[in-house]
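K.L.:
So I've got this file, protein25.tsv, and it contains TSV, C-alpha atoms:
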```tsv
chain	number	residue	atom	x	y	z
A	1	MET	CA	-87.18	0.84	-177.15
A	2	LYS	CA	-86.89	-0.33	-180.77
A	3	ILE	CA	-86.40	3.30	-181.77
A	4	LEU	CA	-83.50	3.62	-179.31
A	5	THR	CA	-81.93	0.37	-180.55
A	6	LYS	CA	-82.12	1.52	-184.18
A	7	TYR	CA	-80.64	4.88	-183.22
A	8	LEU	CA	-77.71	3.29	-181.39
A	9	LEU	CA	-77.00	0.73	-184.11
A	10	LYS	CA	-77.18	3.35	-186.86
A	11	ASP	CA	-74.69	5.54	-185.01
A	12	PHE	CA	-72.37	2.60	-184.26
A	13	PHE	CA	-72.28	1.23	-187.82
A	14	THR	CA	-71.89	4.69	-189.33
A	15	ASN	CA	-68.75	5.18	-187.25
A	16	PHE	CA	-67.72	1.57	-187.93
A	17	MET	CA	-67.87	1.85	-191.74
A	18	PHE	CA	-66.13	5.23	-191.70
A	19	ALA	CA	-63.28	3.99	-189.47
A	20	LEU	CA	-62.99	0.71	-191.40
A	21	GLY	CA	-62.54	2.57	-194.66
A	22	ILE	CA	-59.90	4.89	-193.17
A	23	PHE	CA	-57.83	2.17	-191.46
A	24	THR	CA	-57.98	-0.21	-194.44
A	25	PHE	CA	-56.96	2.56	-196.83
A	26	VAL	CA	-54.03	3.57	-194.60
A	27	LEU	CA	-52.71	0.00	-194.55
A	28	LEU	CA	-53.35	-0.33	-198.27
A	29	ILE	CA	-51.12	2.67	-199.01
A	30	GLY	CA	-48.01	0.71	-197.98
A	31	ASN	CA	-48.89	-2.02	-200.48
A	32	LEU	CA	-49.77	0.52	-203.16
A	33	VAL	CA	-46.20	1.82	-203.14
A	34	GLU	CA	-44.91	-1.67	-203.99
A	35	LEU	CA	-47.62	-2.18	-206.63
A	36	ILE	CA	-46.87	1.16	-208.29
A	37	GLN	CA	-43.20	0.17	-208.48
A	38	LEU	CA	-44.22	-3.04	-210.22
A	39	LEU	CA	-46.40	-1.02	-212.59
A	40	LEU	CA	-43.40	1.13	-213.51
A	41	LYS	CA	-41.42	-2.03	-214.22
A	42	GLY	CA	-43.92	-3.09	-216.87
A	43	VAL	CA	-46.44	-5.19	-214.94
A	44	GLN	CA	-49.94	-4.91	-216.43
A	45	LEU	CA	-52.48	-2.64	-214.73
A	46	ALA	CA	-54.92	-5.55	-214.48
A	47	PHE	CA	-52.39	-7.37	-212.28
A	48	VAL	CA	-52.19	-4.36	-209.93
A	49	PHE	CA	-55.99	-4.24	-209.53
A	50	LYS	CA	-55.99	-7.99	-208.96
A	51	MET	CA	-53.48	-7.58	-206.14
A	52	ILE	CA	-55.52	-4.79	-204.51
A	53	PHE	CA	-58.63	-6.99	-204.64
A	54	TYR	CA	-56.86	-9.89	-202.93
A	55	ILE	CA	-54.89	-7.79	-200.43
A	56	THR	CA	-58.01	-6.13	-198.97
A	57	PRO	CA	-59.42	-9.22	-197.12
A	58	TYR	CA	-55.99	-9.83	-195.59
A	59	LEU	CA	-55.92	-6.24	-194.27
A	60	LEU	CA	-59.48	-6.52	-192.93
A	61	SER	CA	-58.42	-9.24	-190.49
A	62	TYR	CA	-56.24	-6.56	-188.82
A	63	THR	CA	-58.44	-3.48	-189.22
A	64	ILE	CA	-61.79	-4.89	-188.07
A	65	PRO	CA	-60.82	-5.26	-184.36
A	66	LEU	CA	-59.31	-1.76	-184.30
A	67	THR	CA	-62.43	-0.42	-186.03
A	68	CYS	CA	-64.65	-1.87	-183.27
A	69	LEU	CA	-62.56	0.01	-180.71
A	70	THR	CA	-62.73	3.29	-182.65
A	71	ALA	CA	-66.45	3.02	-183.50
A	72	GLY	CA	-67.37	2.34	-179.87
A	73	LEU	CA	-65.14	5.18	-178.68
A	74	LEU	CA	-66.62	7.73	-181.11
A	75	MET	CA	-70.19	6.62	-180.54
A	76	PHE	CA	-70.20	6.68	-176.73
A	77	GLY	CA	-68.03	9.79	-176.70
A	78	LYS	CA	-70.72	11.55	-178.75
A	79	LEU	CA	-73.55	10.20	-176.56
A	80	SER	CA	-71.71	11.41	-173.48
A	81	ALA	CA	-70.91	14.83	-174.99
A	82	ASN	CA	-74.58	15.38	-175.86
A	83	HIS	CA	-75.65	14.21	-172.37
A	84	GLU	CA	-77.70	11.43	-173.97
A	85	ILE	CA	-76.17	8.82	-171.65
A	86	THR	CA	-77.32	10.89	-168.67
A	87	ALA	CA	-80.83	11.21	-170.14
A	88	MET	CA	-81.08	7.46	-170.75
A	89	LYS	CA	-79.94	6.69	-167.22
A	90	ALA	CA	-82.46	9.21	-165.87
A	91	SER	CA	-85.15	7.26	-167.74
A	92	GLY	CA	-84.23	4.14	-165.80
A	93	LEU	CA	-81.98	2.49	-168.40
A	94	SER	CA	-78.77	0.89	-167.19
A	95	LEU	CA	-75.47	1.24	-169.03
A	96	PHE	CA	-75.55	-2.47	-169.81
A	97	TYR	CA	-79.00	-2.15	-171.42
A	98	ILE	CA	-77.81	0.81	-173.48
A	99	SER	CA	-74.71	-1.10	-174.55
A	100	LYS	CA	-76.45	-4.40	-175.31
A	101	PRO	CA	-77.26	-3.72	-179.03
A	102	VAL	CA	-73.64	-2.67	-179.63
A	103	LEU	CA	-72.24	-5.71	-177.81
A	104	LYS	CA	-74.49	-8.02	-179.85
A	105	SER	CA	-73.27	-6.32	-183.02
A	106	ALA	CA	-69.67	-6.81	-181.88
A	107	LEU	CA	-70.38	-10.53	-181.47
A	108	VAL	CA	-71.67	-10.74	-185.06
A	109	ILE	CA	-68.64	-8.76	-186.28
A	110	ALA	CA	-66.34	-11.14	-184.39
A	111	VAL	CA	-67.88	-14.14	-186.20
A	112	ILE	CA	-67.52	-12.39	-189.57
A	113	SER	CA	-63.92	-11.46	-188.69
A	114	PHE	CA	-63.16	-15.09	-187.84
A	115	ILE	CA	-64.59	-16.29	-191.17
A	116	ILE	CA	-62.51	-13.72	-193.05
A	117	ALA	CA	-59.33	-14.56	-191.10
A	118	SER	CA	-59.88	-18.33	-191.29
A	119	TYR	CA	-60.94	-18.86	-194.90
A	120	ILE	CA	-61.11	-15.76	-197.12
A	121	SER	CA	-57.88	-14.04	-196.09
A	122	PRO	CA	-55.66	-17.20	-196.32
A	123	SER	CA	-56.98	-18.02	-199.79
A	124	CYS	CA	-56.40	-14.46	-200.98
A	125	HIS	CA	-52.91	-14.36	-199.46
A	126	TYR	CA	-52.00	-17.59	-201.26
A	127	VAL	CA	-53.23	-16.19	-204.58
A	128	ILE	CA	-51.03	-13.12	-204.04
A	129	ARG	CA	-47.93	-15.23	-203.40
A	130	LYS	CA	-48.57	-17.45	-206.41
A	131	SER	CA	-49.28	-14.46	-208.64
A	132	LYS	CA	-46.05	-12.74	-207.63
A	133	LYS	CA	-44.04	-15.88	-208.37
A	134	LEU	CA	-45.68	-16.71	-211.67
A	135	ASP	CA	-46.59	-13.26	-213.02
A	136	ILE	CA	-43.75	-11.07	-211.79
A	137	SER	CA	-40.80	-13.38	-212.28
A	138	LYS	CA	-42.03	-14.52	-215.72
A	139	VAL	CA	-39.91	-17.64	-215.50
A	140	GLY	CA	-40.45	-20.94	-217.27
A	141	ASN	CA	-38.71	-22.96	-214.56
A	142	ILE	CA	-38.22	-21.73	-211.02
A	143	ASN	CA	-34.82	-22.44	-209.53
A	144	PRO	CA	-35.48	-25.05	-206.78
A	145	VAL	CA	-33.58	-22.83	-204.34
A	146	LYS	CA	-36.42	-20.31	-204.67
A	147	LEU	CA	-38.87	-22.88	-203.33
A	148	ILE	CA	-37.48	-22.26	-199.85
A	149	GLU	CA	-39.09	-19.19	-198.31
A	150	LYS	CA	-38.88	-17.74	-194.84
A	151	GLY	CA	-41.69	-18.66	-192.47
A	152	VAL	CA	-42.92	-21.57	-194.62
A	153	PHE	CA	-42.80	-25.31	-193.94
A	154	ILE	CA	-41.28	-26.62	-197.19
A	155	GLU	CA	-42.27	-30.22	-197.93
A	156	ALA	CA	-40.97	-30.36	-201.53
A	157	PHE	CA	-37.75	-32.20	-200.64
A	158	TYR	CA	-39.11	-35.47	-199.24
A	159	PRO	CA	-38.37	-36.89	-196.68
A	160	TYR	CA	-37.19	-33.53	-195.34
A	161	VAL	CA	-39.35	-30.67	-194.09
A	162	ILE	CA	-37.50	-27.33	-193.98
A	163	TYR	CA	-38.40	-24.18	-192.06
A	164	CYS	CA	-36.31	-20.99	-191.79
A	165	GLU	CA	-36.92	-17.68	-190.09
A	166	ASP	CA	-35.11	-15.55	-192.68
A	167	LYS	CA	-33.58	-15.85	-196.13
A	168	THR	CA	-31.24	-13.60	-198.14
A	169	ASP	CA	-30.42	-14.92	-201.60
A	170	ASN	CA	-29.11	-18.42	-200.87
A	171	ILE	CA	-28.35	-17.85	-197.16
A	172	LEU	CA	-30.89	-19.25	-194.71
A	173	LYS	CA	-31.08	-18.12	-191.07
A	174	ASP	CA	-32.41	-19.97	-188.01
A	175	LEU	CA	-33.33	-23.24	-189.65
A	176	MET	CA	-35.33	-26.22	-188.46
A	177	ILE	CA	-35.02	-29.34	-190.62
A	178	PHE	CA	-37.06	-32.48	-189.96
A	179	GLU	CA	-36.32	-35.87	-191.52
A	180	VAL	CA	-39.71	-37.58	-191.52
A	181	LYS	CA	-39.87	-41.30	-190.72
A	182	GLU	CA	-42.76	-43.70	-190.99
A	183	ASN	CA	-42.87	-45.36	-187.57
A	184	SER	CA	-40.88	-43.04	-185.30
A	185	PRO	CA	-40.52	-39.32	-184.54
A	186	ALA	CA	-38.62	-37.22	-187.06
A	187	ASN	CA	-34.91	-36.50	-186.81
A	188	THR	CA	-34.53	-32.80	-185.99
A	189	ILE	CA	-31.70	-30.53	-187.07
A	190	ILE	CA	-31.49	-26.92	-185.83
A	191	ALA	CA	-28.90	-24.53	-187.27
A	192	LYS	CA	-28.23	-20.80	-187.04
A	193	GLU	CA	-27.24	-20.54	-190.68
A	194	GLY	CA	-27.26	-22.54	-193.88
A	195	LYS	CA	-25.97	-21.96	-197.41
A	196	ILE	CA	-27.99	-23.62	-200.14
A	197	LYS	CA	-26.68	-24.43	-203.63
A	198	TYR	CA	-28.33	-25.96	-206.68
A	199	ALA	CA	-26.12	-28.21	-208.79
A	200	ALA	CA	-27.88	-28.20	-212.16
A	201	LYS	CA	-25.49	-30.78	-213.57
A	202	ASP	CA	-26.23	-33.35	-210.87
A	203	LYS	CA	-29.80	-32.10	-210.34
A	204	THR	CA	-29.26	-32.01	-206.59
A	205	ILE	CA	-29.55	-29.37	-203.89
A	206	LYS	CA	-26.84	-29.10	-201.27
A	207	LEU	CA	-27.31	-27.37	-197.93
A	208	GLU	CA	-24.25	-26.47	-195.86
A	209	LEU	CA	-25.23	-25.92	-192.23
A	210	LYS	CA	-23.25	-24.06	-189.58
A	211	ASP	CA	-23.40	-23.94	-185.80
A	212	GLY	CA	-26.25	-26.31	-185.01
A	213	SER	CA	-27.52	-29.35	-183.15
A	214	PHE	CA	-29.50	-32.48	-183.90
A	215	ASP	CA	-31.93	-34.80	-182.14
A	216	ALA	CA	-32.39	-38.38	-183.34
A	217	PRO	CA	-34.78	-40.91	-181.76
A	218	ASP	CA	-33.39	-44.13	-180.33
A	219	PRO	CA	-34.37	-46.92	-182.78
A	220	GLU	CA	-35.06	-49.29	-179.87
A	221	ASN	CA	-36.93	-46.73	-177.76
A	222	PRO	CA	-38.32	-43.78	-179.81
A	223	GLU	CA	-39.22	-41.95	-176.62
A	224	ASN	CA	-35.51	-41.35	-176.00
A	225	PHE	CA	-33.35	-39.10	-178.19
A	226	PHE	CA	-29.68	-38.93	-179.05
A	227	ARG	CA	-28.51	-35.31	-178.97
A	228	GLY	CA	-25.41	-33.75	-180.46
A	229	SER	CA	-23.98	-30.55	-181.92
A	230	PHE	CA	-21.91	-29.61	-184.96
A	231	ASP	CA	-19.93	-26.71	-186.42
A	232	ASN	CA	-20.46	-27.75	-190.05
A	233	TYR	CA	-22.88	-30.24	-191.55
A	234	GLN	CA	-23.99	-30.93	-195.13
A	235	LEU	CA	-27.30	-32.24	-196.44
A	236	GLU	CA	-28.20	-33.24	-199.97
A	237	PHE	CA	-31.76	-33.18	-201.34
A	238	LYS	CA	-33.39	-34.79	-204.32
A	239	LEU	CA	-34.84	-32.41	-206.87
A	240	PRO	CA	-38.64	-32.24	-206.47
A	241	GLU	CA	-40.87	-33.12	-209.38
A	242	LYS	CA	-42.28	-30.12	-211.28
A	243	PRO	CA	-40.62	-27.49	-209.03
A	244	ASN	CA	-42.03	-24.64	-211.13
A	245	LYS	CA	-45.56	-25.62	-210.13
A	246	TYR	CA	-44.83	-26.26	-206.45
A	247	ILE	CA	-45.56	-23.26	-204.26
A	248	ALA	CA	-45.93	-24.29	-200.62
A	249	ARG	CA	-48.55	-22.71	-198.40
A	250	CYS	CA	-47.20	-20.78	-195.44
A	251	ALA	CA	-49.17	-20.53	-192.21
A	252	ASN	CA	-50.85	-17.32	-193.44
A	253	ASP	CA	-52.06	-19.15	-196.55
A	254	MET	CA	-53.76	-22.07	-194.84
A	255	PRO	CA	-57.51	-22.14	-194.23
A	256	ILE	CA	-58.33	-23.01	-190.64
A	257	SER	CA	-59.22	-26.63	-191.50
A	258	LYS	CA	-55.87	-27.22	-193.25
A	259	LEU	CA	-54.02	-25.43	-190.44
A	260	LEU	CA	-55.52	-27.75	-187.80
A	261	ARG	CA	-54.90	-30.78	-190.00
A	262	LYS	CA	-51.23	-29.83	-190.43
A	263	ILE	CA	-50.80	-29.26	-186.68
A	264	LYS	CA	-52.15	-32.74	-186.01
A	265	GLU	CA	-50.05	-34.28	-188.80
A	266	TYR	CA	-46.81	-32.60	-187.67
A	267	LYS	CA	-47.40	-33.57	-184.05
A	268	LYS	CA	-47.76	-37.19	-185.12
A	269	LYS	CA	-44.53	-37.02	-187.15
A	270	GLY	CA	-42.59	-35.27	-184.38
A	271	ILE	CA	-42.27	-32.00	-186.30
A	272	ASN	CA	-42.32	-28.73	-184.36
A	273	ALA	CA	-45.65	-27.16	-185.40
A	274	THR	CA	-45.45	-24.19	-183.03
A	275	PRO	CA	-45.51	-21.59	-185.87
A	276	LEU	CA	-48.81	-23.09	-187.04
A	277	LYS	CA	-50.19	-23.07	-183.49
A	278	VAL	CA	-49.26	-19.39	-183.15
A	279	GLU	CA	-51.06	-18.60	-186.41
A	280	PHE	CA	-54.21	-20.43	-185.27
A	281	SER	CA	-54.21	-18.70	-181.87
A	282	SER	CA	-53.60	-15.30	-183.51
A	283	ARG	CA	-56.63	-15.67	-185.79
A	284	LEU	CA	-58.92	-16.78	-182.97
A	285	ALA	CA	-57.63	-14.18	-180.49
A	286	SER	CA	-57.92	-11.38	-183.07
A	287	SER	CA	-61.58	-12.25	-183.74
A	288	VAL	CA	-62.40	-12.41	-180.03
A	289	SER	CA	-60.73	-9.01	-179.59
A	290	CYS	CA	-63.61	-7.41	-181.57
A	291	ILE	CA	-65.85	-8.02	-178.55
A	292	ILE	CA	-63.17	-7.07	-176.01
A	293	PHE	CA	-62.28	-3.82	-177.79
A	294	THR	CA	-65.97	-2.89	-177.90
A	295	ILE	CA	-66.36	-3.55	-174.17
A	296	ILE	CA	-63.41	-1.35	-173.27
A	297	ALA	CA	-64.43	1.36	-175.80
A	298	ILE	CA	-67.72	2.01	-174.01
A	299	PRO	CA	-66.31	3.35	-170.69
A	300	LEU	CA	-63.35	4.96	-172.48
A	301	GLY	CA	-65.68	6.82	-174.85
A	302	ILE	CA	-67.79	8.12	-171.99
A	303	LYS	CA	-64.76	9.06	-169.90
A	304	ALA	CA	-63.02	10.75	-172.84
A	305	HIS	CA	-65.66	13.46	-172.83
A	306	ARG	CA	-65.68	13.83	-169.09
A	307	SER	CA	-61.93	14.48	-169.01
A	308	GLU	CA	-59.54	15.14	-171.86
A	309	LYS	CA	-60.84	13.62	-175.07
A	310	SER	CA	-57.39	13.48	-176.63
A	311	ILE	CA	-56.14	11.34	-173.74
A	312	GLY	CA	-58.99	8.86	-174.24
A	313	ILE	CA	-58.26	8.50	-177.96
A	314	ALA	CA	-54.51	8.23	-177.39
A	315	LEU	CA	-55.12	5.57	-174.75
A	316	SER	CA	-57.31	3.52	-177.08
A	317	LEU	CA	-54.73	3.64	-179.88
A	318	GLY	CA	-52.04	2.75	-177.36
A	319	LEU	CA	-54.07	-0.30	-176.30
A	320	ALA	CA	-54.37	-1.39	-179.93
A	321	MET	CA	-50.62	-1.03	-180.47
A	322	CYS	CA	-49.95	-2.98	-177.29
A	323	TYR	CA	-52.32	-5.70	-178.44
A	324	TYR	CA	-50.67	-6.22	-181.84
A	325	SER	CA	-47.21	-6.06	-180.29
A	326	PHE	CA	-48.02	-9.28	-178.42
A	327	ILE	CA	-48.96	-10.98	-181.70
A	328	ILE	CA	-45.69	-9.80	-183.25
A	329	LEU	CA	-43.79	-11.07	-180.20
A	330	ALA	CA	-45.50	-14.46	-180.38
A	331	LYS	CA	-44.62	-14.85	-184.07
A	332	ALA	CA	-41.03	-13.83	-183.36
A	333	LEU	CA	-40.81	-16.61	-180.75
A	334	ASP	CA	-42.69	-19.20	-182.78
A	335	LYS	CA	-39.84	-21.74	-182.57
A	336	LYS	CA	-39.56	-21.59	-178.77
A	337	THR	CA	-41.74	-24.56	-177.86
A	338	ASP	CA	-40.75	-24.41	-174.18
A	339	ILE	CA	-42.42	-20.99	-173.63
A	340	HIS	CA	-45.57	-21.81	-175.66
A	341	PRO	CA	-45.80	-18.62	-177.76
A	342	GLU	CA	-49.27	-19.67	-178.96
A	343	TYR	CA	-50.54	-18.60	-175.53
A	344	ILE	CA	-48.79	-15.22	-175.60
A	345	VAL	CA	-51.36	-13.83	-178.06
A	346	TRP	CA	-54.08	-14.37	-175.43
A	347	ILE	CA	-52.32	-12.26	-172.77
A	348	PRO	CA	-53.57	-8.86	-174.08
A	349	ASN	CA	-57.09	-10.28	-174.47
A	350	ILE	CA	-57.15	-11.34	-170.84
A	351	ILE	CA	-55.68	-8.02	-169.64
A	352	LEU	CA	-57.96	-5.84	-171.78
A	353	LEU	CA	-61.06	-7.86	-170.92
A	354	SER	CA	-60.32	-7.51	-167.21
A	355	LEU	CA	-59.64	-3.78	-167.62
A	356	GLY	CA	-62.76	-3.32	-169.75
A	357	ILE	CA	-65.03	-5.04	-167.23
A	358	PHE	CA	-63.51	-2.99	-164.39
A	359	LEU	CA	-63.93	0.33	-166.24
A	360	PHE	CA	-67.44	-0.64	-167.37
A	361	TRP	CA	-68.41	-1.43	-163.76
A	362	ARG	CA	-66.98	1.89	-162.49
A	363	THR	CA	-68.71	3.87	-165.23
A	364	LYS	CA	-72.00	2.07	-164.62
A	365	ASN	CA	-72.02	3.13	-160.99
A	366	LYS	CA	-71.32	6.81	-161.71
```
Write out the structure in this file as structure tokens.

P.N.:
Amino acid sequence: MKILTKYLLKDFFTNFMFALGIFTFVLLIGNLVELIQLLLKGVQLAFVFKMIFYITPYLLSYTIPLTCLTAGLLMFGKLSANHEITAMKASGLSLFYISKPVLKSALVIAVISFIIASYISPSCHYVIRKSKKLDISKVGNINPVKLIEKGVFIEAFYPYVIYCEDKTDNILKDLMIFEVKENSPANTIIAKEGKIKYAAKDKTIKLELKDGSFDAPDPENPENFFRGSFDNYQLEFKLPEKPNKYIARCANDMPISKLLRKIKEYKKKGINATPLKVEFSSRLASSVSCIIFTIIAIPLGIKAHRSEKSIGIALSLGLAMCYYSFIILAKALDKKTDIHPEYIVWIPNIILLSLGIFLFWRTKNK
């Protein structure tokens, strides 16, 4: 049986490494276009290679689950096409026994994927962002306005924490602003749009907000909130110390330990940490999907040969696209605390796991 296990694992990992290289290279091409443009603008070649090195782990967190699906599909499709599955069953081996080495491998891959997504990828992503700010812009002092980025909790302007969904020049869209207090929940301001200006003479930053609302805790009873709305509202921030050296970490940049620590800290301060919760759930769900994709690839691979192979492959790719669309949806809704978008990323896992177990059971009995 050791010979059979080695044969199955060799076939699985051969397909796995081949598919991993293809998918990672395809995603890398999109980044290469941007890097080549930078090269034409005079950026050193060493910087381009540095970016490729740090981008790769970030891409792996997306390609590894899809690779498990493809490797399982190709492997069991080949075994089925060569009638090896039939021969193994005729020898008294169940489909679960045949699949066990591959499922164990998927578990190991899921752990590796989680480590990459939780620690290696965030660190690399942060290096990329810092390098682009410091190497590409070639500035001695960054305009404080540039400290505000979309999708990042900006803590540079104490006691305010700023988060925006989009930014174009000095126009911010869909803002959340929290005024942190020591012994009570934070004041919360939500606005559809804000225009930010830096007054170099006064060394202050002014933010003009439009079409928004605010929540302020009752000083006598912090559990209760005063709520109101506004058409126009203006905030003024103090200039942070050493703004050229302050580059905040976005959710993608945070190692899992810092991410959990920030979620706990923001919850205590009354800051909406839903974007961070979505990021944590996405990393965990993506790693678990390595096992789920492998489970569903086994019956799909076998069935692809028995019917139309192209349909089986198209179905598997369609499942992958459906899976990542839920992650995109969750991140698009990461300010909607009432619908808990951090749970949305688990919906495709639950559906695909149920479908995989059902198809596996049907295939086992045929």

K.L.:
Using all atoms listed in the file, can you tell me which of A:Lys2, A:Lys264, A:Tyr62, A:Phe49 comes closest to Thr24 of chain A?

P.N.:
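With all atoms listed in the file as the atom set, the closest residue is A:Tyr62.
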
K.L.:
By how many Å are atom CA of Phe237 of chain A and atom CA of Thr188 of chain A apart?

P.N.:
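Result for atom CA of Phe237 of chain A versus atom CA of Thr188 of chain A: 15.6 Å, one decimal.
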
K.L.:
Which residues are near Tyr54 of chain A? Cut-off 8 Å, all atoms listed in the file, ignore same chain within fewer than 2 positions. Put them as a VMD selection string.

P.N.:
chain A and resid 50 to 52 56 to 58 124 to 125 127 to 128

K.L.:
Go ahead and write the selection's residues with C-alpha atoms as a compact mmCIF listing (two decimals), in the frame of the given file.

P.N.:
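What follows is the written file part-v4.txt:
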```
# COMPACT_ATOMS: atom_id res chain seq x y z
CA LYS A 50 -55.99 -7.99 -208.96
CA MET A 51 -53.48 -7.58 -206.14
CA ILE A 52 -55.52 -4.79 -204.51
CA THR A 56 -58.01 -6.13 -198.97
CA PRO A 57 -59.42 -9.22 -197.12
CA TYR A 58 -55.99 -9.83 -195.59
CA CYS A 124 -56.40 -14.46 -200.98
CA HIS A 125 -52.91 -14.36 -199.46
CA VAL A 127 -53.23 -16.19 -204.58
CA ILE A 128 -51.03 -13.12 -204.04
```

K.L.:
Using 12 Å as the limit and counting only C-alpha atoms, can you tabulate each residue of segment 163-199 of chain A that touches segment 320-335 of chain A, with its shortest atom-to-atom distance in Å and the two atoms involved, as JSON lines?

P.N.:
```
{"residue": "A:Tyr163", "atom": "CA", "partner": "A:Lys335", "partner_atom": "CA", "distance": 9.9}
{"residue": "A:Cys164", "atom": "CA", "partner": "A:Lys335", "partner_atom": "CA", "distance": 9.9}
{"residue": "A:Glu165", "atom": "CA", "partner": "A:Ala332", "partner_atom": "CA", "distance": 8.8}
{"residue": "A:Asp166", "atom": "CA", "partner": "A:Ala332", "partner_atom": "CA", "distance": 11.2}
{"residue": "A:Asp174", "atom": "CA", "partner": "A:Lys335", "partner_atom": "CA", "distance": 9.4}
{"residue": "A:Leu175", "atom": "CA", "partner": "A:Lys335", "partner_atom": "CA", "distance": 9.7}
{"residue": "A:Met176", "atom": "CA", "partner": "A:Lys335", "partner_atom": "CA", "distance": 8.7}
{"residue": "A:Ile190", "atom": "CA", "partner": "A:Lys335", "partner_atom": "CA", "distance": 10.4}
```

K.L.:
For C-alpha atoms, I'd like the residues from the last selection saved as a compact mmCIF listing (two decimals), in the coordinates of the input.

P.N.:
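Saved to out.txt:
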```txt
# COMPACT_ATOMS: atom_id res chain seq x y z
CA TYR A 163 -38.40 -24.18 -192.06
CA CYS A 164 -36.31 -20.99 -191.79
CA GLU A 165 -36.92 -17.68 -190.09
CA ASP A 166 -35.11 -15.55 -192.68
CA ASP A 174 -32.41 -19.97 -188.01
CA LEU A 175 -33.33 -23.24 -189.65
CA MET A 176 -35.33 -26.22 -188.46
CA ILE A 190 -31.49 -26.92 -185.83
```

K.L.:
Grab the atom CA of Pro122 of chain A to atom CA of Ala251 of chain A distance for me, in Å with one decimal place.

P.N.:
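Separation between atom CA of Pro122 of chain A and atom CA of Ala251 of chain A: 8.4 Å.
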
K.L.:
Given the choices A:Ala273, A:Leu93, A:Ile196, A:Val33, which gets closest to Gly151 of chain A if the distance is worked out from all atoms listed in the file?

P.N.:
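Going through A:Ala273, A:Leu93, A:Ile196, A:Val33 one by one, the smallest distance to Gly151 of chain A is for A:Ala273.
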
K.L.:
Have a look at A:Asn187, A:Gln44, A:Ser123, A:Ser289 and name the one nearest to Val161 of chain A; count all atoms listed in the file.

P.N.:
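Once distances to Val161 of chain A are computed over all atoms listed in the file, the minimum belongs to A:Asn187.
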
K.L.:
Enter the distance from atom CA of Lys89 of chain A to atom CA of Phe16 of chain A, in Å, rounded to one decimal.

P.N.:
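Interatomic distance here is 24.6 Å.
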
K.L.:
Could you check the closest approach to Lys364 of chain A for each of A:Asn15, A:Thr86, A:Ser61, A:Asn31 and tell me which residue wins, using all atoms listed in the file?

P.N.:
A:Thr86

K.L.:
I'd like the contact shell of Leu260 of chain A - 12 Å cut-off, all atoms listed in the file, skipping same-chain residues fewer than 6 positions apart - returned as a PyMOL selection string.

P.N.:
chain A and resi 118+251+254+266-267+273-281

K.L.:
Counting all atoms listed in the file, find residues at most 9 Å from (-74.7, -3.2, -178.6) (file frame) and give them as a count of residues only.

P.N.:
17

K.L.:
Just the residues within 8 Å of Ile295 of chain A, please, counting only C-alpha atoms, with nothing from its chain fewer than 6 positions along; format it as a PyMOL selection string.

P.N.:
chain A and resi 103+353+356-357+360
